[in-house]
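Trainee: Structure file protein-v8.cif, mmCIF, C-alpha atoms, is pasted below:
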data_data
loop_
_atom_site.label_atom_id
_atom_site.label_comp_id
_atom_site.auth_asym_id
_atom_site.auth_seq_id
_atom_site.Cartn_x
_atom_site.Cartn_y
_atom_site.Cartn_z
CA MET A 1 -34.14 3.01 44.99
CA VAL A 2 -30.59 2.06 44.07
CA ALA A 3 -28.07 4.82 43.25
CA VAL A 4 -24.85 4.23 41.30
CA ILE A 5 -22.22 6.99 40.92
CA LYS A 6 -19.34 6.86 38.44
CA THR A 7 -16.71 9.49 37.75
CA GLY A 8 -14.69 9.70 34.56
CA SER A 9 -12.34 11.76 32.44
CA SER A 10 -14.60 12.30 29.41
CA ILE A 11 -17.69 14.49 29.61
CA ARG A 12 -18.32 13.99 25.90
CA ARG A 13 -18.40 10.24 26.32
CA ILE A 14 -21.17 10.09 28.93
CA PHE A 15 -23.08 12.87 27.15
CA ASN A 16 -22.94 11.05 23.79
CA TYR A 17 -23.94 7.80 25.46
CA ASN A 18 -27.18 9.28 26.75
CA GLU A 19 -27.94 11.31 23.63
CA GLN A 20 -27.43 8.20 21.50
CA LYS A 21 -30.11 6.52 23.60
CA VAL A 22 -32.37 9.47 22.85
CA LYS A 23 -31.61 9.19 19.12
CA GLU A 24 -32.50 5.49 19.16
CA GLY A 25 -35.79 6.21 20.92
CA ASN A 26 -34.75 4.49 24.14
CA ALA A 27 -34.46 7.62 26.31
CA GLN A 28 -35.49 11.25 26.61
CA CYS A 29 -33.88 14.25 28.25
CA ILE A 30 -36.43 15.34 30.87
CA MET A 31 -34.50 18.01 32.77
CA ALA A 32 -31.65 20.50 32.47
CA SER A 33 -30.78 22.13 35.79
CA ASN A 34 -28.79 25.39 36.08
CA TYR A 35 -29.01 25.99 32.34
CA PRO A 36 -30.09 29.37 30.90
CA LYS A 37 -32.91 27.77 28.85
CA ASP A 38 -35.59 25.17 29.40
CA VAL A 39 -34.63 21.68 28.35
CA GLU A 40 -36.98 21.74 25.33
CA LEU A 41 -35.15 24.76 23.89
CA LEU A 42 -31.62 23.42 24.25
CA THR A 43 -29.65 22.11 21.29
CA LEU A 44 -27.08 19.36 21.61
CA SER A 45 -24.32 21.99 21.54
CA ASN A 46 -26.04 24.00 24.25
CA LYS A 47 -26.24 20.99 26.54
CA LEU A 48 -22.66 19.85 26.04
CA ASN A 49 -20.88 23.22 25.95
CA ARG A 50 -22.40 24.31 29.26
CA LEU A 51 -20.69 21.33 30.91
CA LEU A 52 -17.41 21.64 29.01
CA ASN A 53 -17.00 25.37 29.64
CA GLN A 54 -17.41 25.08 33.39
CA ALA A 55 -15.17 22.02 33.60
CA ALA A 56 -12.46 24.00 31.78
CA LEU A 57 -12.25 26.39 34.74
CA ASN A 58 -10.02 23.85 36.51
CA GLU A 59 -7.82 21.80 34.19
CA ASN A 60 -6.19 20.05 37.15
CA VAL A 61 -9.37 18.02 37.66
CA THR A 62 -8.73 15.22 35.19
CA ARG A 63 -11.65 13.01 36.25
CA ASN A 64 -14.17 15.79 35.89
CA SER A 65 -17.33 13.98 34.75
CA VAL A 66 -20.03 12.50 36.97
CA HIS A 67 -22.50 9.89 35.72
CA ILE A 68 -25.27 8.83 38.12
CA SER A 69 -28.05 6.31 37.68
CA LEU A 70 -31.07 6.14 39.99
CA ASN A 71 -32.88 2.81 39.71
CA PHE A 72 -36.40 2.11 40.94
CA ASP A 73 -38.38 -1.02 41.63
CA PRO A 74 -40.25 -2.47 38.61
CA SER A 75 -43.54 -2.09 40.53
CA GLU A 76 -43.14 1.70 40.71
CA ASN A 77 -44.85 3.71 37.98
CA LEU A 78 -43.26 7.13 38.35
CA SER A 79 -44.30 10.12 36.25
CA VAL A 80 -41.80 12.45 34.57
CA ALA A 81 -42.67 15.13 37.14
CA GLN A 82 -41.89 12.73 40.01
CA LEU A 83 -38.60 11.70 38.41
CA ARG A 84 -37.59 15.36 38.13
CA GLU A 85 -38.40 15.95 41.80
CA ILE A 86 -36.43 12.89 42.86
CA ALA A 87 -33.42 13.91 40.74
CA GLU A 88 -33.51 17.44 42.16
CA ALA A 89 -33.76 16.18 45.75
CA TYR A 90 -30.94 13.70 45.24
CA MET A 91 -28.54 16.24 43.71
CA LEU A 92 -29.27 18.64 46.57
CA LYS A 93 -28.51 16.04 49.22
CA ILE A 94 -25.17 14.99 47.65
CA GLY A 95 -24.05 18.62 47.18
CA PHE A 96 -24.49 18.95 43.40
CA ASP A 97 -27.57 21.20 43.39
CA LYS A 98 -25.60 24.21 42.11
CA GLN A 99 -23.94 22.25 39.33
CA PRO A 100 -25.22 22.13 35.76
CA TYR A 101 -26.70 18.70 35.14
CA LEU A 102 -28.88 16.85 32.64
CA VAL A 103 -31.43 14.18 33.54
CA TYR A 104 -32.34 11.39 31.11
CA GLN A 105 -35.16 8.91 31.53
CA HIS A 106 -34.20 5.54 30.00
CA HIS A 107 -36.69 3.02 28.64
CA ASP A 108 -34.36 0.12 27.72
CA SER A 109 -34.51 -1.91 30.93
CA GLY A 110 -36.98 -3.95 32.93
CA HIS A 111 -37.09 -1.38 35.74
CA PRO A 112 -37.61 2.41 35.64
CA HIS A 113 -34.42 4.43 35.98
CA ILE A 114 -32.85 7.78 35.18
CA HIS A 115 -29.31 8.88 34.33
CA ILE A 116 -27.81 12.18 35.50
CA VAL A 117 -24.85 13.80 33.74
CA SER A 118 -22.86 16.46 35.59
CA ILE A 119 -19.35 17.72 36.42
CA LYS A 120 -17.11 18.02 39.51
CA VAL A 121 -15.88 21.59 38.86
CA LYS A 122 -17.81 24.41 40.54
CA ALA A 123 -18.57 27.80 38.98
CA ASP A 124 -15.65 29.34 40.92
CA GLY A 125 -13.24 26.72 39.59
CA SER A 126 -12.99 24.73 42.81
CA ARG A 127 -13.34 20.97 42.87
CA ILE A 128 -16.12 18.92 44.47
CA ASP A 129 -14.66 16.07 46.51
CA THR A 130 -16.36 12.79 45.58
CA GLN A 131 -14.25 10.56 47.83
CA ASN A 132 -16.63 8.06 49.49
CA ILE A 133 -19.62 9.99 48.15
CA GLY A 134 -21.42 6.75 47.32
CA ARG A 135 -21.01 5.31 50.80
CA ASN A 136 -21.77 8.53 52.67
CA GLN A 137 -23.81 11.30 51.00
CA SER A 138 -25.49 9.09 48.41
CA GLU A 139 -26.52 6.41 50.91
CA ASN A 140 -28.06 8.99 53.24
CA ALA A 141 -29.81 10.67 50.31
CA ARG A 142 -31.22 7.34 49.13
CA LYS A 143 -32.76 6.54 52.50
CA GLU A 144 -34.29 10.01 52.89
CA ILE A 145 -35.74 10.00 49.37
CA GLU A 146 -37.21 6.53 49.80
CA HIS A 147 -38.99 7.76 52.92
CA SER A 148 -40.09 11.13 51.47
CA PHE A 149 -41.42 9.74 48.17
CA GLY A 150 -42.71 6.43 49.53
CA LEU A 151 -40.39 4.38 47.33
CA VAL A 152 -39.62 0.69 47.69
CA LYS A 153 -36.60 0.36 49.96
CA ALA A 154 -33.46 -1.00 48.35
CA ALA A 155 -32.37 -2.40 51.72
CA ASN A 156 -34.90 -5.17 51.16
CA LYS A 157 -32.74 -7.97 49.77
CA LYS A 158 -35.49 -9.39 47.60
CA ARG A 159 -36.02 -6.02 45.98
CA ARG A 160 -32.29 -5.62 45.33
CA GLN A 161 -32.41 -8.68 43.15
CA ALA A 162 -34.60 -6.83 40.67
CA TYR A 163 -31.63 -4.64 39.76
CA GLU A 164 -29.09 -7.42 39.37
CA LEU A 165 -27.43 -7.68 36.01
CA LYS A 166 -28.75 -10.52 33.86
CA PRO A 167 -27.04 -12.41 31.04
CA VAL A 168 -27.37 -10.91 27.59
CA ASN A 169 -30.32 -12.09 25.51
CA VAL A 170 -28.30 -13.82 22.79
CA GLN A 171 -31.20 -14.26 20.37
CA LYS A 172 -31.99 -10.55 20.46
CA VAL A 173 -28.50 -9.21 19.84
CA GLN A 174 -27.88 -11.34 16.76
CA TYR A 175 -30.14 -9.12 14.70
CA GLY A 176 -27.94 -6.05 14.50
CA LYS A 177 -24.89 -4.16 15.67
CA SER A 178 -26.83 -1.52 17.63
CA GLU A 179 -28.43 -4.16 19.84
CA THR A 180 -25.05 -5.83 20.32
CA LYS A 181 -23.37 -2.57 21.34
CA ARG A 182 -26.15 -1.76 23.77
CA ALA A 183 -26.02 -5.20 25.39
CA ILE A 184 -22.22 -5.15 25.72
CA THR A 185 -22.21 -1.60 27.07
CA ASN A 186 -24.77 -2.43 29.76
CA VAL A 187 -22.65 -5.33 31.01
CA LEU A 188 -19.35 -3.42 30.90
CA ASP A 189 -20.91 -0.52 32.80
CA ALA A 190 -21.76 -2.90 35.63
CA VAL A 191 -18.39 -4.70 35.66
CA LEU A 192 -15.37 -2.65 34.59
CA ASN A 193 -15.22 -0.15 37.44
CA ILE A 194 -16.66 -2.40 40.13
CA TYR A 195 -14.81 -5.73 39.93
CA LYS A 196 -11.13 -6.14 40.74
CA TYR A 197 -9.49 -8.22 37.97
CA ALA A 198 -5.85 -8.22 36.89
CA SER A 199 -5.83 -9.82 33.44
CA VAL A 200 -8.03 -10.28 30.37
CA PRO A 201 -8.79 -13.94 31.29
CA GLU A 202 -9.85 -12.84 34.77
CA LEU A 203 -12.10 -10.17 33.27
CA ASN A 204 -13.58 -12.80 30.96
CA ALA A 205 -14.32 -15.01 33.96
CA ILE A 206 -16.82 -12.30 34.99
CA LEU A 207 -18.04 -11.29 31.52
CA GLY A 208 -18.62 -14.91 30.54
CA GLN A 209 -21.34 -15.16 33.19
CA TYR A 210 -23.24 -12.53 31.19
CA ASN A 211 -22.49 -14.04 27.73
CA ILE A 212 -19.80 -11.47 26.87
CA LEU A 213 -16.17 -12.00 25.80
CA ALA A 214 -13.25 -9.56 25.61
CA ASP A 215 -11.39 -10.98 22.62
CA ARG A 216 -7.82 -10.18 21.58
CA GLY A 217 -7.85 -12.74 18.78
CA SER A 218 -5.09 -15.22 18.01
CA GLU A 219 -1.45 -14.15 18.31
CA GLU A 220 -1.23 -14.13 14.51
CA SER A 221 -4.26 -11.87 14.08
CA ARG A 222 -4.02 -8.21 13.20
CA VAL A 223 -6.10 -7.28 16.24
CA TYR A 224 -3.64 -8.96 18.62
CA GLN A 225 -0.51 -7.62 16.91
CA ASN A 226 -1.87 -4.05 17.01
CA ASN A 227 -2.83 -4.36 20.72
CA GLY A 228 -6.46 -4.19 19.73
CA LEU A 229 -9.50 -5.58 21.51
CA VAL A 230 -13.03 -6.48 20.44
CA TYR A 231 -16.04 -7.51 22.48
CA ARG A 232 -18.31 -10.34 21.43
CA ILE A 233 -21.54 -12.03 22.42
CA LEU A 234 -21.44 -15.70 23.45
CA ASP A 235 -24.24 -18.23 23.14
CA GLY A 236 -25.13 -20.75 25.82
CA ASP A 237 -22.35 -23.08 24.69
CA GLY A 238 -19.68 -20.36 24.78
CA ASN A 239 -19.58 -19.91 21.00
CA LYS A 240 -19.06 -16.45 19.50
CA VAL A 241 -22.17 -15.08 17.79
CA GLY A 242 -23.31 -11.79 16.34
CA VAL A 243 -21.21 -8.84 15.26
CA PRO A 244 -17.90 -8.14 17.06
CA VAL A 245 -17.61 -4.59 18.39
CA LYS A 246 -14.29 -2.77 18.64
CA ALA A 247 -13.51 -1.47 22.11
CA SER A 248 -12.87 2.00 20.72
CA ASP A 249 -16.43 2.10 19.32
CA LEU A 250 -18.02 1.80 22.77
CA TYR A 251 -18.77 4.99 24.66
CA ASN A 252 -16.64 4.15 27.70
CA LYS A 253 -13.66 3.15 25.47
CA PRO A 254 -12.74 -0.09 27.29
CA THR A 255 -9.63 -0.63 25.15
CA LEU A 256 -6.68 -2.87 26.04
CA LYS A 257 -4.73 0.20 27.16
CA TYR A 258 -7.58 1.17 29.47
CA LEU A 259 -7.79 -2.35 30.87
CA GLN A 260 -4.05 -2.58 31.48
CA ALA A 261 -4.25 0.53 33.65
CA LYS A 262 -7.10 -1.10 35.58
CA PHE A 263 -5.04 -4.29 36.02
CA GLN A 264 -2.37 -2.37 37.93
CA GLN A 265 -4.90 -0.64 40.16
CA ASN A 266 -6.85 -3.82 40.84
CA GLU A 267 -3.82 -5.94 41.67
CA ALA A 268 -3.25 -4.00 44.88
CA ALA A 269 -6.94 -3.39 45.63
CA ARG A 270 -7.88 -7.09 45.61
CA GLN A 271 -5.12 -8.35 47.93
CA PRO A 272 -7.09 -8.02 51.20
CA TYR A 273 -9.77 -10.36 49.84
CA LYS A 274 -7.57 -13.35 49.06
CA VAL A 275 -8.04 -14.76 52.55
CA ARG A 276 -11.83 -14.84 52.21
CA VAL A 277 -11.69 -16.92 49.02
CA ARG A 278 -9.07 -19.29 50.46
CA ASN A 279 -11.14 -19.77 53.61
CA ALA A 280 -14.30 -20.44 51.58
CA ILE A 281 -12.51 -23.20 49.64
CA ASP A 282 -10.85 -24.71 52.71
CA LEU A 283 -14.06 -24.81 54.72
CA ALA A 284 -15.99 -26.38 51.84
CA LEU A 285 -13.39 -29.16 51.60
CA ILE A 286 -13.32 -29.70 55.36
CA LYS A 287 -17.10 -30.14 55.43
CA ASN A 288 -17.00 -32.54 52.50
CA PRO A 289 -13.49 -33.82 51.71
CA ASN A 290 -14.85 -36.08 48.96
CA HIS A 291 -16.12 -33.20 46.82
CA SER A 292 -15.83 -33.45 43.07
CA ILE A 293 -14.73 -30.22 41.42
CA GLN A 294 -18.30 -29.68 40.22
CA SER A 295 -19.84 -30.19 43.67
CA LEU A 296 -17.17 -27.98 45.22
CA ALA A 297 -18.14 -25.24 42.75
CA LYS A 298 -21.78 -25.56 43.86
CA SER A 299 -20.78 -25.28 47.51
CA LEU A 300 -18.76 -22.14 46.77
CA GLU A 301 -21.72 -20.55 45.00
CA LYS A 302 -23.54 -20.50 48.34
CA GLU A 303 -20.72 -18.27 49.64
CA GLY A 304 -20.95 -15.93 46.65
CA VAL A 305 -17.86 -17.38 44.94
CA ILE A 306 -18.07 -18.69 41.37
CA ALA A 307 -15.40 -21.18 40.27
CA VAL A 308 -14.86 -20.84 36.51
CA LEU A 309 -13.19 -23.95 35.08
CA ARG A 310 -11.07 -23.89 31.92
CA ARG A 311 -10.90 -27.14 29.95
CA ASN A 312 -9.04 -28.21 26.83
CA ASP A 313 -10.53 -29.98 23.81
CA GLU A 314 -10.19 -33.33 25.58
CA GLY A 315 -12.27 -32.07 28.50
CA ILE A 316 -9.35 -31.99 30.93
CA THR A 317 -9.43 -29.12 33.43
CA TYR A 318 -6.23 -27.09 33.20
CA GLY A 319 -7.20 -23.83 34.90
CA ILE A 320 -9.57 -22.35 37.46
CA THR A 321 -10.55 -18.76 38.25
CA TYR A 322 -12.53 -17.64 41.29
CA VAL A 323 -15.01 -14.75 41.04
CA ASP A 324 -16.03 -13.47 44.46
CA HIS A 325 -19.25 -11.53 43.91
CA SER A 326 -19.34 -10.47 47.57
CA THR A 327 -16.07 -8.52 47.48
CA LYS A 328 -16.10 -8.04 43.67
CA SER A 329 -12.64 -9.64 43.45
CA VAL A 330 -11.28 -12.10 40.88
CA PHE A 331 -8.34 -14.47 41.36
CA ASN A 332 -6.65 -17.01 39.17
CA GLY A 333 -6.30 -20.19 41.24
CA SER A 334 -2.50 -20.20 41.25
CA ASP A 335 -2.48 -16.61 42.57
CA LEU A 336 -4.07 -17.89 45.78
CA GLY A 337 -1.46 -20.64 46.15
CA LYS A 338 -0.59 -23.96 44.51
CA GLN A 339 -3.24 -25.84 46.48
CA TYR A 340 -5.94 -23.60 44.98
CA SER A 341 -4.89 -24.04 41.36
CA ALA A 342 -6.72 -26.46 39.08
CA LYS A 343 -4.15 -29.18 39.78
CA GLY A 344 -4.15 -28.53 43.51
CA ILE A 345 -7.94 -28.59 43.73
CA GLN A 346 -8.10 -31.87 41.81
CA GLU A 347 -5.63 -33.38 44.26
CA ARG A 348 -7.54 -32.14 47.27
CA CYS A 349 -10.84 -33.30 45.82
CA LYS A 350 -9.32 -36.73 45.13
CA VAL A 351 -10.44 -36.27 41.53
CA VAL A 352 -8.44 -37.48 38.55
CA GLU A 353 -9.02 -36.46 34.94
CA ASN A 354 -10.86 -38.86 32.68
CA SER A 355 -7.64 -39.73 30.91
CA GLN A 356 -6.20 -41.08 34.18
CA PRO A 357 -8.38 -43.73 35.88
CA ASN A 358 -8.15 -43.73 39.65
CA GLU A 359 -6.15 -46.24 41.69
CA THR A 360 -9.11 -48.35 42.74
CA THR A 361 -10.30 -48.73 39.15
CA LYS A 362 -6.82 -49.81 38.02
CA GLN A 363 -6.47 -52.33 40.80
CA GLN A 364 -9.89 -53.82 40.16
CA ALA A 365 -9.09 -54.17 36.47
CA VAL A 366 -5.83 -55.96 37.27
CA LEU A 367 -7.53 -58.32 39.71
CA GLN A 368 -10.09 -59.24 37.10
CA GLN A 369 -7.32 -59.88 34.61
CA LYS A 370 -5.00 -61.85 36.90
CA GLY A 371 -7.62 -63.61 39.03
CA GLN A 372 -8.07 -63.93 42.77
CA ASN A 373 -5.07 -66.29 43.14
CA SER A 374 -2.47 -63.72 42.04
CA ASP A 375 0.74 -63.48 43.96
CA THR A 376 0.52 -60.75 46.61
CA LYS A 377 4.02 -59.43 46.10
CA ASN A 378 3.61 -59.11 42.34
CA GLU A 379 0.31 -57.25 42.76
CA GLN A 380 1.84 -54.81 45.23
CA GLU A 381 4.73 -54.11 42.89
CA PHE A 382 2.35 -53.62 39.98
CA PHE A 383 0.19 -51.15 41.91
CA ALA A 384 3.27 -49.23 43.06
CA VAL A 385 4.46 -48.83 39.46
CA GLN A 386 0.99 -47.75 38.32
CA ALA A 387 0.80 -45.17 41.11
CA ARG A 388 4.14 -43.68 40.05
CA GLN A 389 3.05 -43.57 36.41
CA SER A 390 -0.31 -41.98 37.17
CA ASN A 391 1.34 -38.64 38.11
CA ILE A 392 -1.10 -38.09 40.96
CA PRO A 393 0.83 -36.19 43.64
CA LYS A 394 0.02 -36.54 47.30
CA PRO A 395 -2.56 -33.92 48.45
CA LEU A 396 -0.86 -30.73 49.62
CA ASP A 397 -3.17 -30.16 52.56
CA ASP A 398 -3.18 -33.54 54.29
CA SER A 399 -3.66 -31.88 57.68
CA LEU A 400 -7.20 -30.97 56.66
CA GLN A 401 -8.04 -34.33 55.08
CA PRO A 402 -9.25 -37.50 56.85
CA SER A 403 -6.95 -40.49 56.77
CA GLN A 404 -7.76 -42.70 53.78
CA SER A 405 -6.10 -45.65 52.09
CA TYR A 406 -6.19 -46.40 48.38
CA ASN A 407 -4.03 -49.57 48.55
CA TYR A 408 -6.85 -52.02 48.15
CA LEU A 409 -6.17 -55.74 48.83
CA PRO A 410 -8.79 -58.49 48.84
CA HIS A 411 -9.68 -59.99 52.19
CA GLN A 412 -8.11 -63.34 51.29
CA LEU A 413 -4.76 -61.74 50.52
CA LYS A 414 -4.73 -59.76 53.74
CA LYS A 415 -5.41 -62.90 55.71
CA SER A 416 -2.59 -64.85 54.08
CA ARG A 417 -0.14 -62.02 54.76
CA LYS A 418 -0.96 -62.12 58.47
CA LYS A 419 -0.31 -65.85 58.53
CA ARG A 420 3.15 -65.39 56.99
CA ARG A 421 4.05 -62.83 59.65
CA LYS A 422 2.86 -65.27 62.33
CA ARG A 423 5.03 -68.10 60.98
CA ILE A 424 8.08 -65.86 60.95
CA SER A 425 7.36 -64.89 64.54
CA ASN A 426 7.20 -68.53 65.61
CA ASN A 427 10.60 -69.20 64.05
CA PHE A 428 12.11 -66.72 66.43
#
Would it be possible to restate this file's structure as structure tokens?
Mentor:
Amino acid sequence: MVAVIKTGSSIRRIFNYNEQKVKEGNAQCIMASNYPKDVELLTLSNKLNRLLNQAALNENVTRNSVHISLNFDPSENLSVAQLREIAEAYMLKIGFDKQPYLVYQHHDSGHPHIHIVSIKVKADGSRIDTQNIGRNQSENARKEIEHSFGLVKAANKKRRQAYELKPVNVQKVQYGKSETKRAITNVLDAVLNIYKYASVPELNAILGQYNILADRGSEESRVYQNNGLVYRILDGDGNKVGVPVKASDLYNKPTLKYLQAKFQQNEAARQPYKVRVRNAIDLALIKNPNHSIQSLAKSLEKEGVIAVLRRNDEGITYGITYVDHSTKSVFNGSDLGKQYSAKGIQERCKVVENSQPNETTKQQAVLQQKGQNSDTKNEQEFFAVQARQSNIPKPLDDSLQPSQSYNYLPHQLKKSRKKRRKRISNNF
């Protein structure tokens, strides 16, 4: 079992999210705890007002909603009665057994799971402290419930992979707006409050891995000028497909204003993890200093770091963003230091863009053109000029790179140069 706890400032939002699933036939409300009526007899107003009225007892608690999902292994076929027992046991163990809460069984995923909607304000108006509840109370509850109910243990790494977020099925979402909203919402739920990003491009570096784009439009567009934001589905080639969905139409309201507040929080929260990403890059280059950017990206994947390259229409790489799935942190390359930017990585990888052939290629082309009997001094001057014009700076981290020479000279030319030095020596 995998448990995910989220707190928020809108009870209506998480309530409407689950009830919309019920309306679409993708969920059912299977339990209402600490309500005066059985769940079958409750109206929508009954369900919501019970939560709102108790939350109103303490207006100082701004983040008063609690949204929990309990996820089970795909091999487990749990009955509604078993799901109710598990929900009841879980809420007791995390200290929410006296709170009003609703339990929804969802049917829109590849694994069985339930959602629990509750509040942080007690009946006496006091506040339930949820600081570190996921790491402490929830983790202990998960282990005890797995043992008591004979569930598949989430600690098994192979089983954890069953709950990992998968890219959106592009073909499916093109058929209608409801499918698009559902797909986008599922991805945003798993990303927005977990990853530490500090800009829209950094957020898109994560979302793009799941075929989603947060789109502000062009600077001339009405969306951009009004500080708006839409979310779109991407196909396998990164093209926008399907119906764009306004951020304000999604239940968790991931608007630009909301994201900008997250940017400020995440900027400080991600700082301790910069060193890990830098070290991962440095070690990969030490092990193989002749990496191409593409092979470096594959090496980083083994460390849980995804390097997202940004290229222009000519195919030239002009930017790089690192997504560290281990620490859930995102960094633009230049934020880690110049040597980790797109330009710095190209220098350290000894890779030059297609529009700039490397030194060896240039020299070979000149030799073919001028012939093997070219004057040594003229060739050296030519290569020096070409090197200056190529705009390829010296690698910034030479201390980590093996000594290499790119000043190629044919064997015959080297031999003749030694002879000249010998004749000069004899004259003295």
Trainee: For each of A:Ser45, A:Ser33, A:Ser329, A:Asn64, take the minimum atom-to-atom distance to Lys98 (chain A), counting all atoms listed in the file, then give the residue where this is smallest.
Mentor: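 Result for the nearest residue to Lys98 (chain A): A:Ser33.
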Trainee: Distance CA of Phe96 (chain A)-CA of Val2 (chain A), one decimal place?
Mentor: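 Interatomic distance, CA of Phe96 (chain A) to CA of Val2 (chain A): 18.0 Å.
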Trainee: Return the single residue from A:Leu52, A:Ala32, A:Ile119, A:Leu229 that is closest to Thr7 (chain A), with distances computed using only C-alpha atoms.
Mentor: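 Using only C-alpha atoms, Thr7 (chain A) sits closest to A:Ile119.
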Trainee: To verify the selection step, state as a PyMOL selection string which residues the PyMOL selection byres ((chain A and resi 204) around 12) yields on this input.
Mentor: chain A and resi 187-188+191-192+195+197-203+205-216+231-234+238+259+308-310+321-323+330-332
Trainee: When distances are computed from only C-alpha atoms, which of A:Ala154, A:Val305, A:Ile128, A:Cys349 shows the smallest separation from Tyr273 (chain A)?
Mentor: A:Val305
Trainee: Calculated over only C-alpha atoms, which of the candidates A:Gly95, A:Gly25, A:Pro254, A:Gly319 has the smallest distance to Gly228 (chain A)?
Mentor: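 Smallest separation from Gly228 (chain A) among the options: A:Pro254.
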Trainee: Mind giving me the straight-line distance from CA of Lys302 (chain A) to CA of Ala280 (chain A) in Å, one decimal?
Mentor: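 The value is 9.8 Å.
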Trainee: Would you mind telling me which residue in A:Ser326, A:Gln339, A:Ser126, A:Asn290 lies nearest to Leu57 (chain A) when using only C-alpha atoms?
Mentor: A:Ser126
Trainee: For region 96-115 of chain A, take all atoms listed in the file, fit an axis-aligned box around them, add 5 Å to each of the six sides, then output centre and edge lengths in Å rounded to one decimal, as JSON.
Mentor:
{"center_x": -30.8, "center_y": 10.1, "center_z": 35.6, "size_x": 23.7, "size_y": 38.2, "size_z": 25.7}
Trainee: Convert the output of the PyMOL selection byres ((chain A and resi 340) around 12) on the shown file into explicit residues, formatted as a tab-separated table (two decimals) with C-alpha atoms, in the coordinates of the input.
Mentor:
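Generated file (result23.tsv):
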chain	number	residue	atom	x	y	z
A	274	LYS	CA	-7.57	-13.35	49.06
A	275	VAL	CA	-8.04	-14.76	52.55
A	277	VAL	CA	-11.69	-16.92	49.02
A	278	ARG	CA	-9.07	-19.29	50.46
A	279	ASN	CA	-11.14	-19.77	53.61
A	280	ALA	CA	-14.30	-20.44	51.58
A	281	ILE	CA	-12.51	-23.20	49.64
A	282	ASP	CA	-10.85	-24.71	52.71
A	285	LEU	CA	-13.39	-29.16	51.60
A	293	ILE	CA	-14.73	-30.22	41.42
A	307	ALA	CA	-15.40	-21.18	40.27
A	319	GLY	CA	-7.20	-23.83	34.90
A	320	ILE	CA	-9.57	-22.35	37.46
A	321	THR	CA	-10.55	-18.76	38.25
A	322	TYR	CA	-12.53	-17.64	41.29
A	331	PHE	CA	-8.34	-14.47	41.36
A	332	ASN	CA	-6.65	-17.01	39.17
A	333	GLY	CA	-6.30	-20.19	41.24
A	334	SER	CA	-2.50	-20.20	41.25
A	335	ASP	CA	-2.48	-16.61	42.57
A	336	LEU	CA	-4.07	-17.89	45.78
A	337	GLY	CA	-1.46	-20.64	46.15
A	338	LYS	CA	-0.59	-23.96	44.51
A	339	GLN	CA	-3.24	-25.84	46.48
A	341	SER	CA	-4.89	-24.04	41.36
A	342	ALA	CA	-6.72	-26.46	39.08
A	343	LYS	CA	-4.15	-29.18	39.78
A	344	GLY	CA	-4.15	-28.53	43.51
A	345	ILE	CA	-7.94	-28.59	43.73
A	346	GLN	CA	-8.10	-31.87	41.81
A	347	GLU	CA	-5.63	-33.38	44.26
A	348	ARG	CA	-7.54	-32.14	47.27
A	349	CYS	CA	-10.84	-33.30	45.82
A	395	PRO	CA	-2.56	-33.92	48.45
A	396	LEU	CA	-0.86	-30.73	49.62
A	397	ASP	CA	-3.17	-30.16	52.56
Trainee: Kindly resolve the PyMOL selection byres ((chain A and resi 62) around 10) on the present coordinates and return the residues as a PDB file with C-alpha atoms, keeping the file's coordinate frame.
Mentor:
ATOM      1  CA  GLY A   8     -14.690   9.700  34.560  1.00  0.00           C
ATOM      2  CA  SER A   9     -12.340  11.760  32.440  1.00  0.00           C
ATOM      3  CA  SER A  10     -14.600  12.300  29.410  1.00  0.00           C
ATOM      4  CA  ALA A  55     -15.170  22.020  33.600  1.00  0.00           C
ATOM      5  CA  ASN A  58     -10.020  23.850  36.510  1.00  0.00           C
ATOM      6  CA  GLU A  59      -7.820  21.800  34.190  1.00  0.00           C
ATOM      7  CA  ASN A  60      -6.190  20.050  37.150  1.00  0.00           C
ATOM      8  CA  VAL A  61      -9.370  18.020  37.660  1.00  0.00           C
ATOM      9  CA  ARG A  63     -11.650  13.010  36.250  1.00  0.00           C
ATOM     10  CA  ASN A  64     -14.170  15.790  35.890  1.00  0.00           C
ATOM     11  CA  SER A  65     -17.330  13.980  34.750  1.00  0.00           C
ATOM     12  CA  LYS A 120     -17.110  18.020  39.510  1.00  0.00           C
TER      13      LYS A 120
END
Trainee: Please indicate the distance in Å from CA of Asn186 (chain A) to CA of Thr327 (chain A), rounded to one decimal place.
Mentor: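 Calculated distance between CA of Asn186 (chain A) and CA of Thr327 (chain A) is 20.7 Å.
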Trainee: Quick one: residues within 7 Å of Asn26 (chain A), all atoms listed in the file, excluding same-chain residues fewer than 3 positions away - as number ranges by chain?
Mentor: A: 21-22, 106-108
Trainee: Looking at only C-alpha atoms, which of A:Arg12, A:Val245, A:Gly236, A:Ala123 is the one that sits closest to Glu179 (chain A)?
Mentor: A:Val245
Trainee: Might you pull out every residue within 6 Å of Ile114 (chain A), with all atoms listed in the file counted and same-chain residues fewer than 3 positions away left off, and present them as a compact mmCIF listing (two decimals) with C-alpha atoms, keeping the file's coordinate frame?
Mentor:
# COMPACT_ATOMS: atom_id res chain seq x y z
CA SER A 69 -28.05 6.31 37.68
CA LEU A 70 -31.07 6.14 39.99
CA TYR A 104 -32.34 11.39 31.11
CA GLN A 105 -35.16 8.91 31.53
CA HIS A 106 -34.20 5.54 30.00
